[in-house]
>>> print(open('work.txt').read())   # compact mmCIF, C-alpha atoms
# COMPACT_ATOMS: atom_id res chain seq x y z
CA MET A 1 9.91 -75.26 -120.52
CA LYS A 2 7.98 -77.26 -123.11
CA GLU A 3 10.70 -76.69 -125.70
CA LEU A 4 13.33 -77.90 -123.25
CA MET A 5 11.36 -81.10 -122.60
CA LEU A 6 11.05 -81.66 -126.33
CA ILE A 7 14.80 -81.21 -126.80
CA LEU A 8 15.51 -83.59 -123.92
CA VAL A 9 13.21 -86.34 -125.19
CA GLY A 10 14.34 -85.79 -128.77
CA ALA A 11 17.99 -86.13 -127.85
CA ALA A 12 17.53 -89.11 -125.54
CA LEU A 13 15.05 -91.28 -127.43
CA VAL A 14 14.09 -90.08 -130.90
CA ASN A 15 17.58 -89.31 -132.21
CA ASN A 16 19.33 -91.78 -129.94
CA VAL A 17 23.01 -90.99 -130.10
CA VAL A 18 24.20 -94.57 -130.52
CA LEU A 19 21.42 -96.24 -132.42
CA SER A 20 20.52 -93.58 -134.96
CA GLN A 21 23.55 -91.26 -135.12
CA PHE A 22 26.30 -93.82 -134.47
CA PHE A 23 28.30 -91.73 -132.00
CA GLY A 24 30.17 -93.49 -129.22
CA LEU A 25 30.06 -96.94 -130.75
CA CYS A 26 33.46 -98.02 -129.41
CA PRO A 27 32.38 -97.96 -125.73
CA PHE A 28 28.91 -99.16 -126.74
CA LEU A 29 30.42 -102.34 -128.19
CA GLY A 30 33.41 -102.58 -125.85
CA VAL A 31 32.12 -101.82 -122.34
CA SER A 32 28.70 -103.47 -122.55
CA LYS A 33 29.52 -106.92 -121.18
CA GLN A 34 27.98 -106.31 -117.74
CA VAL A 35 25.16 -104.04 -116.64
CA LYS A 36 27.24 -102.72 -113.74
CA THR A 37 30.20 -101.53 -115.82
CA ALA A 38 27.85 -100.23 -118.50
CA ALA A 39 26.03 -98.11 -115.94
CA GLY A 40 29.38 -96.79 -114.68
CA MET A 41 30.40 -95.81 -118.18
CA GLY A 42 27.00 -94.17 -118.72
CA GLY A 43 27.36 -92.17 -115.52
CA ALA A 44 30.79 -90.93 -116.52
CA VAL A 45 29.54 -89.96 -119.98
CA ILE A 46 26.55 -88.02 -118.58
CA PHE A 47 28.92 -86.17 -116.27
CA VAL A 48 31.47 -85.23 -118.93
CA ILE A 49 29.06 -84.40 -121.76
CA THR A 50 26.92 -82.12 -119.59
CA ILE A 51 29.92 -80.15 -118.35
CA SER A 52 31.66 -79.98 -121.72
CA SER A 53 28.49 -78.79 -123.50
CA ALA A 54 28.38 -75.85 -121.10
CA ALA A 55 32.11 -75.09 -121.40
CA ALA A 56 32.19 -75.41 -125.18
CA SER A 57 29.07 -73.28 -125.55
CA LEU A 58 30.64 -70.47 -123.51
CA ILE A 59 33.98 -70.69 -125.33
CA TYR A 60 32.35 -70.72 -128.75
CA ASP A 61 30.08 -67.75 -128.02
CA PHE A 62 32.52 -65.54 -126.18
CA VAL A 63 35.92 -66.42 -127.62
CA LEU A 64 35.66 -67.94 -131.08
CA VAL A 65 32.77 -65.82 -132.39
CA ARG A 66 34.22 -62.60 -130.95
CA LEU A 67 37.58 -63.27 -132.60
CA HIS A 68 36.03 -64.57 -135.87
CA LEU A 69 37.85 -67.89 -135.44
CA GLU A 70 34.85 -70.21 -135.97
CA TYR A 71 36.84 -72.39 -138.35
CA LEU A 72 39.09 -73.45 -135.46
CA GLN A 73 36.16 -75.03 -133.61
CA THR A 74 37.26 -78.66 -134.08
CA ILE A 75 40.72 -78.06 -132.62
CA VAL A 76 39.47 -75.88 -129.78
CA PHE A 77 36.62 -78.21 -128.81
CA ILE A 78 38.74 -81.35 -128.70
CA LEU A 79 41.33 -79.57 -126.55
CA VAL A 80 38.61 -78.24 -124.24
CA ILE A 81 37.19 -81.74 -123.86
CA ALA A 82 40.60 -83.32 -123.22
CA ALA A 83 41.51 -80.67 -120.65
CA LEU A 84 38.10 -80.92 -119.03
CA VAL A 85 38.33 -84.69 -118.67
CA GLN A 86 41.70 -84.31 -116.95
CA LEU A 87 40.30 -81.56 -114.73
CA VAL A 88 37.22 -83.56 -113.79
CA GLU A 89 39.43 -86.52 -112.97
CA MET A 90 41.69 -84.49 -110.66
CA PHE A 91 38.72 -82.68 -109.10
CA LEU A 92 36.85 -85.91 -108.35
CA LYS A 93 39.99 -87.50 -106.89
CA LYS A 94 40.26 -84.69 -104.33
CA VAL A 95 36.61 -83.94 -103.61
CA SER A 96 34.76 -87.23 -103.93
CA PRO A 97 37.04 -90.28 -103.82
CA ALA A 98 34.00 -92.58 -103.79
CA LEU A 99 32.70 -91.22 -107.10
CA TYR A 100 36.25 -91.26 -108.48
CA GLN A 101 36.54 -94.92 -107.57
CA ALA A 102 33.28 -95.64 -109.37
CA LEU A 103 34.04 -93.70 -112.56
CA GLY A 104 37.84 -93.83 -112.44
CA VAL A 105 38.61 -96.33 -115.19
CA TYR A 106 36.19 -94.83 -117.65
CA LEU A 107 37.12 -91.17 -117.41
CA PRO A 108 40.30 -91.22 -119.55
CA LEU A 109 38.51 -93.30 -122.19
CA ILE A 110 35.91 -90.60 -122.68
CA THR A 111 38.21 -88.08 -124.39
CA THR A 112 38.07 -90.13 -127.56
CA ASN A 113 34.39 -91.02 -127.23
CA CYS A 114 33.07 -89.30 -130.31
CA ALA A 115 29.71 -88.69 -128.63
CA VAL A 116 31.28 -85.86 -126.63
CA LEU A 117 32.79 -84.03 -129.60
CA GLY A 118 29.73 -84.90 -131.68
CA VAL A 119 27.27 -83.28 -129.27
CA VAL A 120 29.36 -80.17 -128.88
CA LEU A 121 29.68 -79.73 -132.65
CA GLN A 122 25.98 -80.39 -133.09
CA ASN A 123 25.07 -77.71 -130.59
CA VAL A 124 26.86 -75.21 -132.82
CA GLN A 125 25.47 -76.72 -136.01
CA LYS A 126 21.90 -76.53 -134.70
CA GLU A 127 22.57 -72.88 -133.88
CA TYR A 128 22.19 -73.16 -130.12
CA VAL A 129 24.47 -70.10 -130.00
CA PHE A 130 24.42 -66.75 -128.25
CA ALA A 131 23.81 -64.73 -131.40
CA GLU A 132 20.60 -66.70 -132.08
CA MET A 133 18.99 -67.10 -128.67
CA GLY A 134 20.96 -65.10 -126.12
CA TRP A 135 21.64 -66.68 -122.73
CA ASN A 136 19.09 -69.40 -123.46
CA ALA A 137 21.74 -70.89 -125.76
CA LEU A 138 23.73 -72.05 -122.75
CA LEU A 139 20.69 -73.70 -121.16
CA VAL A 140 19.58 -75.36 -124.40
CA SER A 141 23.11 -76.66 -125.09
CA VAL A 142 23.35 -78.19 -121.63
CA VAL A 143 19.89 -79.79 -121.90
CA ASN A 144 20.71 -81.19 -125.34
CA GLY A 145 24.02 -82.55 -124.03
CA PHE A 146 22.39 -84.10 -120.98
CA GLY A 147 19.64 -85.67 -123.08
CA THR A 148 22.13 -87.13 -125.52
CA ALA A 149 24.21 -88.61 -122.72
CA LEU A 150 21.05 -90.02 -121.14
CA GLY A 151 20.25 -91.68 -124.46
CA PHE A 152 23.74 -93.18 -124.52
CA THR A 153 23.30 -94.55 -121.00
CA ILE A 154 19.89 -96.04 -121.80
CA ALA A 155 21.26 -97.74 -124.91
CA ILE A 156 24.42 -99.14 -123.31
CA VAL A 157 22.60 -100.45 -120.21
CA ILE A 158 19.93 -102.20 -122.31
CA MET A 159 22.70 -103.62 -124.51
CA ALA A 160 24.57 -104.94 -121.46
CA GLY A 161 21.38 -106.57 -120.22
CA ILE A 162 20.92 -108.32 -123.56
CA ARG A 163 24.55 -109.44 -123.67
CA GLU A 164 24.39 -110.88 -120.15
CA ARG A 165 21.58 -113.09 -121.38
CA ILE A 166 22.98 -114.14 -124.75
CA ALA A 167 26.31 -115.05 -123.16
CA TYR A 168 24.94 -118.50 -122.29
CA ASN A 169 23.12 -119.10 -125.56
CA ASP A 170 24.20 -121.49 -128.26
CA ILE A 171 25.31 -119.14 -131.03
CA PRO A 172 26.61 -120.40 -134.41
CA LYS A 173 30.40 -120.19 -134.45
CA PRO A 174 30.86 -117.47 -137.10
CA PHE A 175 28.39 -115.22 -135.24
CA GLN A 176 30.14 -115.44 -131.87
CA GLY A 177 31.70 -112.24 -130.59
CA ALA A 178 31.11 -109.04 -132.52
CA PRO A 179 28.47 -110.18 -135.09
CA ILE A 180 25.85 -111.27 -132.54
CA VAL A 181 26.30 -107.99 -130.66
CA LEU A 182 25.83 -106.05 -133.89
CA LEU A 183 22.69 -108.04 -134.67
CA ALA A 184 21.31 -107.22 -131.21
CA ALA A 185 22.14 -103.55 -131.87
CA CYS A 186 20.31 -103.80 -135.19
CA LEU A 187 17.14 -105.03 -133.48
CA MET A 188 17.46 -102.31 -130.83
CA ALA A 189 17.80 -99.70 -133.57
CA ILE A 190 14.59 -100.97 -135.19
CA ALA A 191 12.84 -100.79 -131.80
CA PHE A 192 14.05 -97.22 -131.27
CA PHE A 193 12.51 -96.29 -134.62
CA GLY A 194 9.22 -96.60 -132.78
CA PHE A 195 10.03 -93.40 -130.91
CA SER A 196 10.23 -91.36 -134.10
CA GLY A 197 6.52 -90.49 -133.96
CA LEU A 198 6.92 -89.13 -130.44
CA ILE A 199 7.66 -85.53 -131.38
CA MET B 1 61.40 -102.71 -150.09
CA ASN B 2 59.75 -105.79 -148.62
CA SER B 3 58.96 -104.13 -145.33
CA TYR B 4 57.07 -101.36 -147.17
CA LEU B 5 54.96 -103.87 -149.07
CA GLU B 6 54.46 -105.80 -145.83
CA ARG B 7 53.01 -102.61 -144.26
CA LEU B 8 50.47 -102.31 -147.09
CA TYR B 9 49.48 -105.99 -146.81
CA ASN B 10 49.25 -105.66 -143.04
CA GLY B 11 46.86 -102.70 -143.27
CA ILE B 12 44.63 -104.06 -145.99
CA VAL B 13 44.39 -107.73 -145.01
CA LYS B 14 46.09 -108.88 -141.85
CA GLU B 15 45.07 -106.08 -139.52
CA ASN B 16 42.21 -104.54 -141.47
CA PRO B 17 41.11 -101.71 -139.15
CA THR B 18 37.39 -102.25 -139.64
CA PHE B 19 36.85 -105.97 -139.99
CA ILE B 20 39.68 -107.35 -137.82
CA LEU B 21 40.61 -104.63 -135.31
CA MET B 22 37.07 -103.17 -135.14
CA LEU B 23 38.36 -99.59 -134.86
CA GLY B 24 36.66 -96.47 -136.15
CA MET B 25 33.18 -97.95 -135.96
CA CYS B 26 31.30 -94.64 -135.95
CA PRO B 27 32.05 -93.51 -139.53
CA THR B 28 31.93 -97.12 -140.72
CA LEU B 29 28.28 -97.39 -139.77
CA ALA B 30 27.17 -93.79 -140.17
CA VAL B 31 28.29 -92.65 -143.60
CA THR B 32 28.10 -95.88 -145.59
CA THR B 33 24.61 -95.23 -146.92
CA SER B 34 26.12 -95.28 -150.42
CA ALA B 35 29.32 -96.64 -151.92
CA PHE B 36 30.47 -93.16 -152.96
CA ASN B 37 30.06 -91.74 -149.44
CA GLY B 38 31.95 -94.69 -148.02
CA LEU B 39 34.80 -94.17 -150.47
CA GLY B 40 34.88 -90.42 -149.77
CA MET B 41 35.05 -90.98 -146.02
CA GLY B 42 37.72 -93.65 -146.45
CA LEU B 43 39.93 -91.45 -148.62
CA SER B 44 39.55 -88.39 -146.35
CA THR B 45 40.54 -90.48 -143.35
CA MET B 46 43.44 -91.95 -145.31
CA ALA B 47 44.72 -88.47 -146.23
CA VAL B 48 44.70 -87.43 -142.57
CA LEU B 49 46.21 -90.74 -141.46
CA VAL B 50 49.15 -90.67 -143.90
CA VAL B 51 50.13 -87.08 -143.14
CA SER B 52 49.64 -87.45 -139.38
CA ASN B 53 51.73 -90.64 -139.37
CA LEU B 54 54.49 -88.83 -141.30
CA ILE B 55 54.50 -85.79 -138.99
CA ILE B 56 54.25 -87.75 -135.74
CA SER B 57 56.98 -90.12 -136.85
CA ALA B 58 59.24 -87.22 -137.83
CA LEU B 59 58.64 -85.55 -134.45
CA ARG B 60 58.79 -88.76 -132.40
CA ASN B 61 62.07 -87.84 -130.70
CA LEU B 62 60.97 -84.25 -129.98
CA ILE B 63 57.60 -84.85 -128.34
CA PRO B 64 58.02 -85.56 -124.59
CA ASP B 65 56.45 -88.84 -123.58
CA LYS B 66 54.13 -87.31 -121.00
CA VAL B 67 52.32 -84.93 -123.32
CA ARG B 68 52.33 -87.11 -126.42
CA ILE B 69 48.56 -87.74 -126.52
CA PRO B 70 47.59 -84.03 -126.45
CA ALA B 71 50.33 -83.33 -129.00
CA TYR B 72 48.98 -86.03 -131.33
CA ILE B 73 45.46 -84.69 -130.92
CA VAL B 74 46.54 -81.17 -131.89
CA ILE B 75 48.36 -82.45 -134.99
CA VAL B 76 45.42 -84.60 -136.06
CA ALA B 77 42.84 -81.87 -135.36
CA SER B 78 44.77 -79.36 -137.48
CA LEU B 79 45.00 -81.81 -140.39
CA VAL B 80 41.30 -82.62 -140.11
CA THR B 81 40.44 -78.92 -140.28
CA VAL B 82 42.53 -78.62 -143.46
CA VAL B 83 40.81 -81.63 -145.03
CA GLN B 84 37.40 -80.31 -143.99
CA LEU B 85 38.00 -76.93 -145.65
CA LEU B 86 39.35 -78.63 -148.80
CA ILE B 87 36.31 -80.90 -149.13
CA GLN B 88 33.98 -77.97 -148.50
CA ALA B 89 35.67 -76.01 -151.28
CA TYR B 90 36.10 -78.67 -153.94
CA ILE B 91 33.48 -81.44 -153.35
CA PRO B 92 30.49 -79.65 -151.74
CA SER B 93 28.15 -82.60 -152.38
CA LEU B 94 30.40 -84.92 -150.37
CA TYR B 95 30.69 -82.24 -147.67
CA ASP B 96 26.91 -82.17 -147.31
CA ALA B 97 26.63 -85.97 -147.27
CA LEU B 98 29.34 -86.54 -144.65
CA GLY B 99 28.40 -83.49 -142.55
CA ILE B 100 29.46 -83.70 -138.92
CA TYR B 101 31.41 -86.91 -139.49
CA ILE B 102 34.27 -84.99 -141.16
CA PRO B 103 35.30 -83.10 -137.98
CA LEU B 104 34.74 -86.35 -136.09
CA ILE B 105 37.71 -87.89 -137.96
CA VAL B 106 39.71 -86.33 -135.09
CA VAL B 107 38.38 -88.91 -132.66
CA ASN B 108 38.62 -91.81 -135.09
CA CYS B 109 40.39 -94.50 -133.08
CA ILE B 110 42.39 -95.66 -136.12
CA ILE B 111 44.38 -92.43 -136.38
CA LEU B 112 45.38 -92.10 -132.72
CA GLY B 113 45.82 -95.86 -132.58
CA ARG B 114 48.35 -95.92 -135.42
CA ALA B 115 50.12 -92.85 -134.04
CA GLU B 116 50.52 -94.55 -130.69
CA ALA B 117 51.20 -98.09 -131.86
CA TYR B 118 53.33 -97.52 -134.96
CA ALA B 119 54.26 -93.96 -135.98
CA SER B 120 55.73 -93.07 -132.58
CA LYS B 121 58.25 -95.93 -132.85
CA ASN B 122 59.21 -96.13 -136.53
CA PRO B 123 60.91 -93.94 -139.15
CA PRO B 124 58.74 -91.57 -141.23
CA LEU B 125 58.77 -93.46 -144.54
CA LEU B 126 57.64 -96.73 -142.98
CA ALA B 127 55.03 -94.86 -140.93
CA GLY B 128 53.76 -93.22 -144.12
CA PHE B 129 53.37 -96.61 -145.78
CA ASP B 130 51.64 -97.90 -142.67
CA GLY B 131 49.20 -94.98 -143.05
CA ILE B 132 48.61 -95.82 -146.71
CA GLY B 133 48.02 -99.49 -145.90
CA MET B 134 45.64 -98.81 -143.01
CA GLY B 135 43.89 -96.06 -144.99
CA LEU B 136 43.39 -98.36 -147.97
CA GLY B 137 42.10 -101.13 -145.71
CA PHE B 138 39.63 -98.67 -144.16
CA SER B 139 38.57 -97.28 -147.56
CA ILE B 140 38.01 -100.75 -148.99
CA ALA B 141 35.98 -101.78 -145.95
CA LEU B 142 33.81 -98.65 -146.11
CA THR B 143 33.27 -98.90 -149.86
CA CYS B 144 32.34 -102.54 -149.46
CA MET B 145 29.79 -101.71 -146.72
CA GLY B 146 28.41 -98.85 -148.80
CA PHE B 147 28.20 -101.06 -151.87
CA PHE B 148 25.99 -103.66 -150.19
CA ARG B 149 23.83 -101.13 -148.36
CA GLU B 150 23.23 -99.04 -151.48
CA LEU B 151 22.62 -102.09 -153.68
CA ILE B 152 20.05 -103.67 -151.36
CA GLY B 153 18.60 -100.49 -149.88
CA ALA B 154 18.30 -98.28 -152.97
CA GLY B 155 18.92 -100.64 -155.89
CA THR B 156 21.82 -98.55 -157.20
CA VAL B 157 25.61 -98.56 -156.99
CA PHE B 158 27.84 -95.46 -157.05
CA SER B 159 24.83 -93.31 -157.99
CA GLY B 160 25.76 -89.72 -158.84
CA THR B 161 29.12 -90.71 -160.30
CA PRO B 162 30.10 -91.68 -163.88
CA PHE B 163 30.22 -95.34 -162.78
CA ALA B 164 26.58 -95.37 -161.72
CA TYR B 165 24.71 -98.63 -162.11
CA SER B 166 21.16 -99.41 -161.10
CA LEU B 167 19.24 -102.64 -160.81
CA PRO B 168 16.28 -103.21 -163.17
CA GLU B 169 12.96 -101.61 -162.20
CA ILE B 170 11.49 -104.91 -161.10
CA TYR B 171 13.67 -104.86 -157.96
CA GLU B 172 11.91 -103.36 -154.95
CA PRO B 173 14.52 -101.64 -152.72
CA VAL B 174 14.57 -102.69 -149.04
CA SER B 175 14.96 -99.20 -147.64
CA ILE B 176 15.79 -100.31 -144.08
CA PHE B 177 19.31 -101.08 -145.36
CA VAL B 178 20.08 -97.40 -145.91
CA LEU B 179 18.63 -96.57 -142.49
CA ALA B 180 20.39 -97.09 -139.16
CA PRO B 181 19.51 -100.74 -138.47
CA GLY B 182 20.79 -101.81 -141.90
CA ALA B 183 24.28 -100.61 -141.01
CA PHE B 184 24.47 -102.94 -138.01
CA LEU B 185 22.97 -105.79 -140.02
CA VAL B 186 25.39 -105.52 -142.97
CA LEU B 187 28.46 -105.21 -140.73
CA ALA B 188 27.32 -108.19 -138.63
CA PHE B 189 26.99 -110.36 -141.72
CA ILE B 190 30.29 -109.26 -143.27
CA ILE B 191 32.20 -110.03 -140.06
CA ALA B 192 30.37 -113.33 -139.61
CA PHE B 193 31.28 -114.23 -143.21
CA LEU B 194 34.95 -113.41 -142.61
CA ASN B 195 34.86 -115.42 -139.36
CA ALA B 196 33.40 -118.38 -141.23
CA MET B 197 36.20 -118.16 -143.82
CA ASN B 198 38.79 -118.04 -141.04
CA ILE B 199 37.33 -121.01 -139.23
CA GLU B 200 37.34 -122.98 -142.46
CA ASN B 201 40.91 -121.99 -143.26
CA ASN B 202 42.71 -122.71 -140.04
CA GLY B 203 40.12 -124.28 -137.82
CA ARG B 204 40.34 -121.65 -135.14
CA LYS B 205 39.14 -118.13 -134.58
CA LYS B 206 41.65 -115.37 -135.09
CA VAL B 207 42.86 -113.62 -131.95
CA GLU B 208 41.54 -110.11 -131.79
CA GLY B 209 44.37 -107.57 -131.95
CA CYS B 210 44.09 -104.03 -130.74
CA GLY B 211 46.91 -102.04 -132.32
CA GLY B 212 47.70 -100.58 -128.90
CA ALA B 213 45.04 -97.89 -129.13
CA CYS B 214 44.21 -98.10 -125.47
CA GLY B 215 43.07 -94.50 -125.11
CA SER B 216 40.19 -95.08 -127.45
CA CYS B 217 39.57 -98.76 -126.88
CA GLY B 218 36.47 -99.76 -125.00
CA LYS B 219 38.12 -102.98 -123.91
CA ALA B 220 41.07 -101.29 -122.20
CA GLU B 221 39.70 -101.80 -118.70
CA ASN B 222 40.19 -105.54 -118.81
CA CYS B 223 43.34 -105.61 -120.92
CA ASP B 224 46.69 -106.38 -119.34
CA LYS B 225 48.71 -104.73 -122.11
CA ARG B 226 47.22 -101.35 -121.27
CA ARG B 227 49.54 -98.37 -121.43
CA LYS B 228 48.87 -95.46 -119.15
CA LEU B 229 47.23 -92.62 -121.06
>>> encode(input="work.txt", output="structure tokens")
Amino acid sequence: MKELMLILVGAALVNNVVLSQFFGLCPFLGVSKQVKTAAGMGGAVIFVITISSAAASLIYDFVLVRLHLEYLQTIVFILVIAALVQLVEMFLKKVSPALYQALGVYLPLITTNCAVLGVVLQNVQKEYVFAEMGWNALLVSVVNGFGTALGFTIAIVIMAGIRERIAYNDIPKPFQGAPIVLLAACLMAIAFFGFSGLI
Amino acid sequence: MNSYLERLYNGIVKENPTFILMLGMCPTLAVTTSAFNGLGMGLSTMAVLVVSNLIISALRNLIPDKVRIPAYIVIVASLVTVVQLLIQAYIPSLYDALGIYIPLIVVNCIILGRAEAYASKNPPLLAGFDGIGMGLGFSIALTCMGFFRELIGAGTVFSGTPFAYSLPEIYEPVSIFVLAPGAFLVLAFIIAFLNAMNIENNGRKKVEGCGGACGSCGKAENCDKRRKL
């Protein structure tokens, strides 16, 4: 249990996916104008990353490793993620129209969010695989995925909060738009360095 | 011939993927801790981009419209795997430095963006030149980022290559520039500098283009030109 907590906190805060590993920057910069939309995007990402970590972990351990096809992991994982996003979209539409309404716009965008593929590849790279830790591998992969997605949500919601406030500030002309957002991200990244002593 | 040269100019200057279109931000910020890493990432992406543009353009009449995105992803993912194995075999030091960001070329918005916006509508040769132009623009941007970060953060340039240069001992490196926050800082200042040049030149800010890469664009939700994925 303690190890799982450490993995969760490590993935969410210490190695924050956006601010220290630079995954998922496109939505981080693009969909962070309002707290509400940012939270929606975060919710969708948590949903997809958690499910795809589990699916990719199972497929890697029981299909790719068994067939000695580990070198195909990039192709297989991206297809799994793309199919899964489609599946989740169709499933939500039928089962929970309210949730579909809330996440709808963001779901298709997630396929090319590199945080999803990044986490899944990292799970394999960090050897959260069946051969190393048995069935625990599935649990650890899911916790790592969930923690990473949580970190993404924290970062994008904070960013949206900052942007809502700087929208009315008097910013020098060359810094309007992307540069001021990047500067805010820079300060956030420095702040998140403070977590590095946590583990 | 002019339209080929125009493609190159378009990719390097007019629609520079990093500084103007703001695509492919993840590798731009993550691997540019040194000029050599930036160049290596830029050239690997360019190799994938040129070949994927050629293949997708050659197959543009064969791929049904409804499944084009999955088809593009399969083509790009296969090429990325090839490039990954080649780098691992021939430049192991670069492979270690770029790490997980090599397989992540698959989800680089530039590649799918160009496939969707250009290669799927134009003949192979033009699409190939478009890939070269965009790839060069990306490589130059990454090398430029890496150059400044390495120079300020480590006091060296192109270290580990025959062109290595280092600042005199008296310079104390500001190591935050090779860490995560430095990436945001350097990119912010480069874009602000380019904005300032633009404002001076024509008195107005340039309109942000998007290259039609809606699938990977964070701004797609409030864009009226959005194509259904």
>>> closest_residue(input="work.txt", among="B:Gly137, B:Pro70, B:Pro123, B:Gly24", to="Ile81 (chain A)", atoms="all atoms listed in the file")
B:Pro70
>>> closest_atom_pairs(input="work.txt", of="chain B", to="chain A", cutoff="8 Å", atoms="all atoms listed in the file", output="tab-separated table")
residue	atom	partner	partner_atom	distance
B:Leu23	CA	A:Cys26	CA	7.5
B:Gly24	CA	A:Cys26	CA	7.6
B:Met25	CA	A:Leu25	CA	6.2
B:Cys26	CA	A:Phe22	CA	5.3
B:Pro27	CA	A:Phe22	CA	7.7
B:Leu29	CA	A:Phe22	CA	6.7
B:Ala30	CA	A:Phe22	CA	5.8
B:Pro70	CA	A:Leu79	CA	7.7
B:Ile73	CA	A:Ile78	CA	7.8
B:Val74	CA	A:Ile75	CA	6.6
B:Ala77	CA	A:Ile75	CA	5.1
B:Ser78	CA	A:Ile75	CA	6.5
B:Thr81	CA	A:Thr74	CA	7.0
B:Ile100	CA	A:Gly118	CA	7.3
B:Pro103	CA	A:Thr74	CA	6.2
B:Leu104	CA	A:Cys114	CA	6.7
B:Val107	CA	A:Thr112	CA	5.3
B:Asn108	CA	A:Thr112	CA	7.7
B:Cys109	CA	A:Thr112	CA	7.4
B:Ala180	CA	A:Ser20	CA	5.5
B:Pro181	CA	A:Cys186	CA	4.6
B:Gly182	CA	A:Cys186	CA	7.0
B:Ala183	CA	A:Cys186	CA	7.7
B:Phe184	CA	A:Cys186	CA	5.1
B:Leu185	CA	A:Leu183	CA	5.8
B:Leu187	CA	A:Leu182	CA	7.4
B:Ala188	CA	A:Pro179	CA	4.2
B:Phe189	CA	A:Pro179	CA	6.8
B:Ile191	CA	A:Pro179	CA	6.2
B:Ala192	CA	A:Pro174	CA	4.9
B:Phe193	CA	A:Pro174	CA	6.9
B:Leu194	CA	A:Pro174	CA	8.0
B:Asn195	CA	A:Pro174	CA	5.0
B:Ala196	CA	A:Pro174	CA	4.9
B:Ile199	CA	A:Pro174	CA	7.7
B:Gly215	CA	A:Leu109	CA	5.5
B:Ser216	CA	A:Thr112	CA	5.4
B:Cys217	CA	A:Cys26	CA	6.7
B:Gly218	CA	A:Gly30	CA	4.2
B:Lys219	CA	A:Gly30	CA	5.1
B:Glu221	CA	A:Val105	CA	6.6
B:Leu229	CA	A:Pro108	CA	7.2
>>> closest_residue(input="work.txt", among="B:Ser44, B:Asn53, B:Thr156, B:Asn198", to="Ala119 (chain B)", atoms="only C-alpha atoms")
B:Asn53
>>> closest_residue(input="work.txt", among="A:Tyr100, A:Trp135, A:Phe195, A:Phe130", to="Ala44 (chain A)", atoms="all atoms listed in the file")
A:Tyr100
>>> atom_distance(input="work.txt", atom1="CA of Ala55 (chain A)", atom2="CA of Phe152 (chain A)")
20.2 Å
>>> atom_distance(input="work.txt", atom1="CA of Asn15 (chain A)", atom2="CA of Met41 (chain B)")
22.3 Å
>>> decode(input="work.txt", residues="region 106-122 of chain A", atoms="C-alpha atoms", output="PDB file, in the first residue's frame")
ATOM      1  CA  TYR A 106     -12.395  16.662 -25.509  1.00  0.00           C
ATOM      2  CA  LEU A 107     -12.504  12.932 -26.076  1.00  0.00           C
ATOM      3  CA  PRO A 108     -11.383  12.847 -29.744  1.00  0.00           C
ATOM      4  CA  LEU A 109      -8.576  15.299 -28.960  1.00  0.00           C
ATOM      5  CA  ILE A 110      -7.078  12.912 -26.448  1.00  0.00           C
ATOM      6  CA  THR A 111      -5.845  10.333 -28.980  1.00  0.00           C
ATOM      7  CA  THR A 112      -3.005  12.631 -29.922  1.00  0.00           C
ATOM      8  CA  ASN A 113      -2.355  13.847 -26.376  1.00  0.00           C
ATOM      9  CA  CYS A 114       1.146  12.516 -25.913  1.00  0.00           C
ATOM     10  CA  ALA A 115       0.576  12.098 -22.172  1.00  0.00           C
ATOM     11  CA  VAL A 116      -1.477   8.971 -22.892  1.00  0.00           C
ATOM     12  CA  LEU A 117       1.105   7.250 -25.081  1.00  0.00           C
ATOM     13  CA  GLY A 118       3.879   8.578 -22.839  1.00  0.00           C
ATOM     14  CA  VAL A 119       2.465   7.012 -19.675  1.00  0.00           C
ATOM     15  CA  VAL A 120       1.817   3.699 -21.343  1.00  0.00           C
ATOM     16  CA  LEU A 121       5.358   3.537 -22.735  1.00  0.00           C
ATOM     17  CA  GLN A 122       6.782   4.585 -19.381  1.00  0.00           C
TER      18      GLN A 122
END
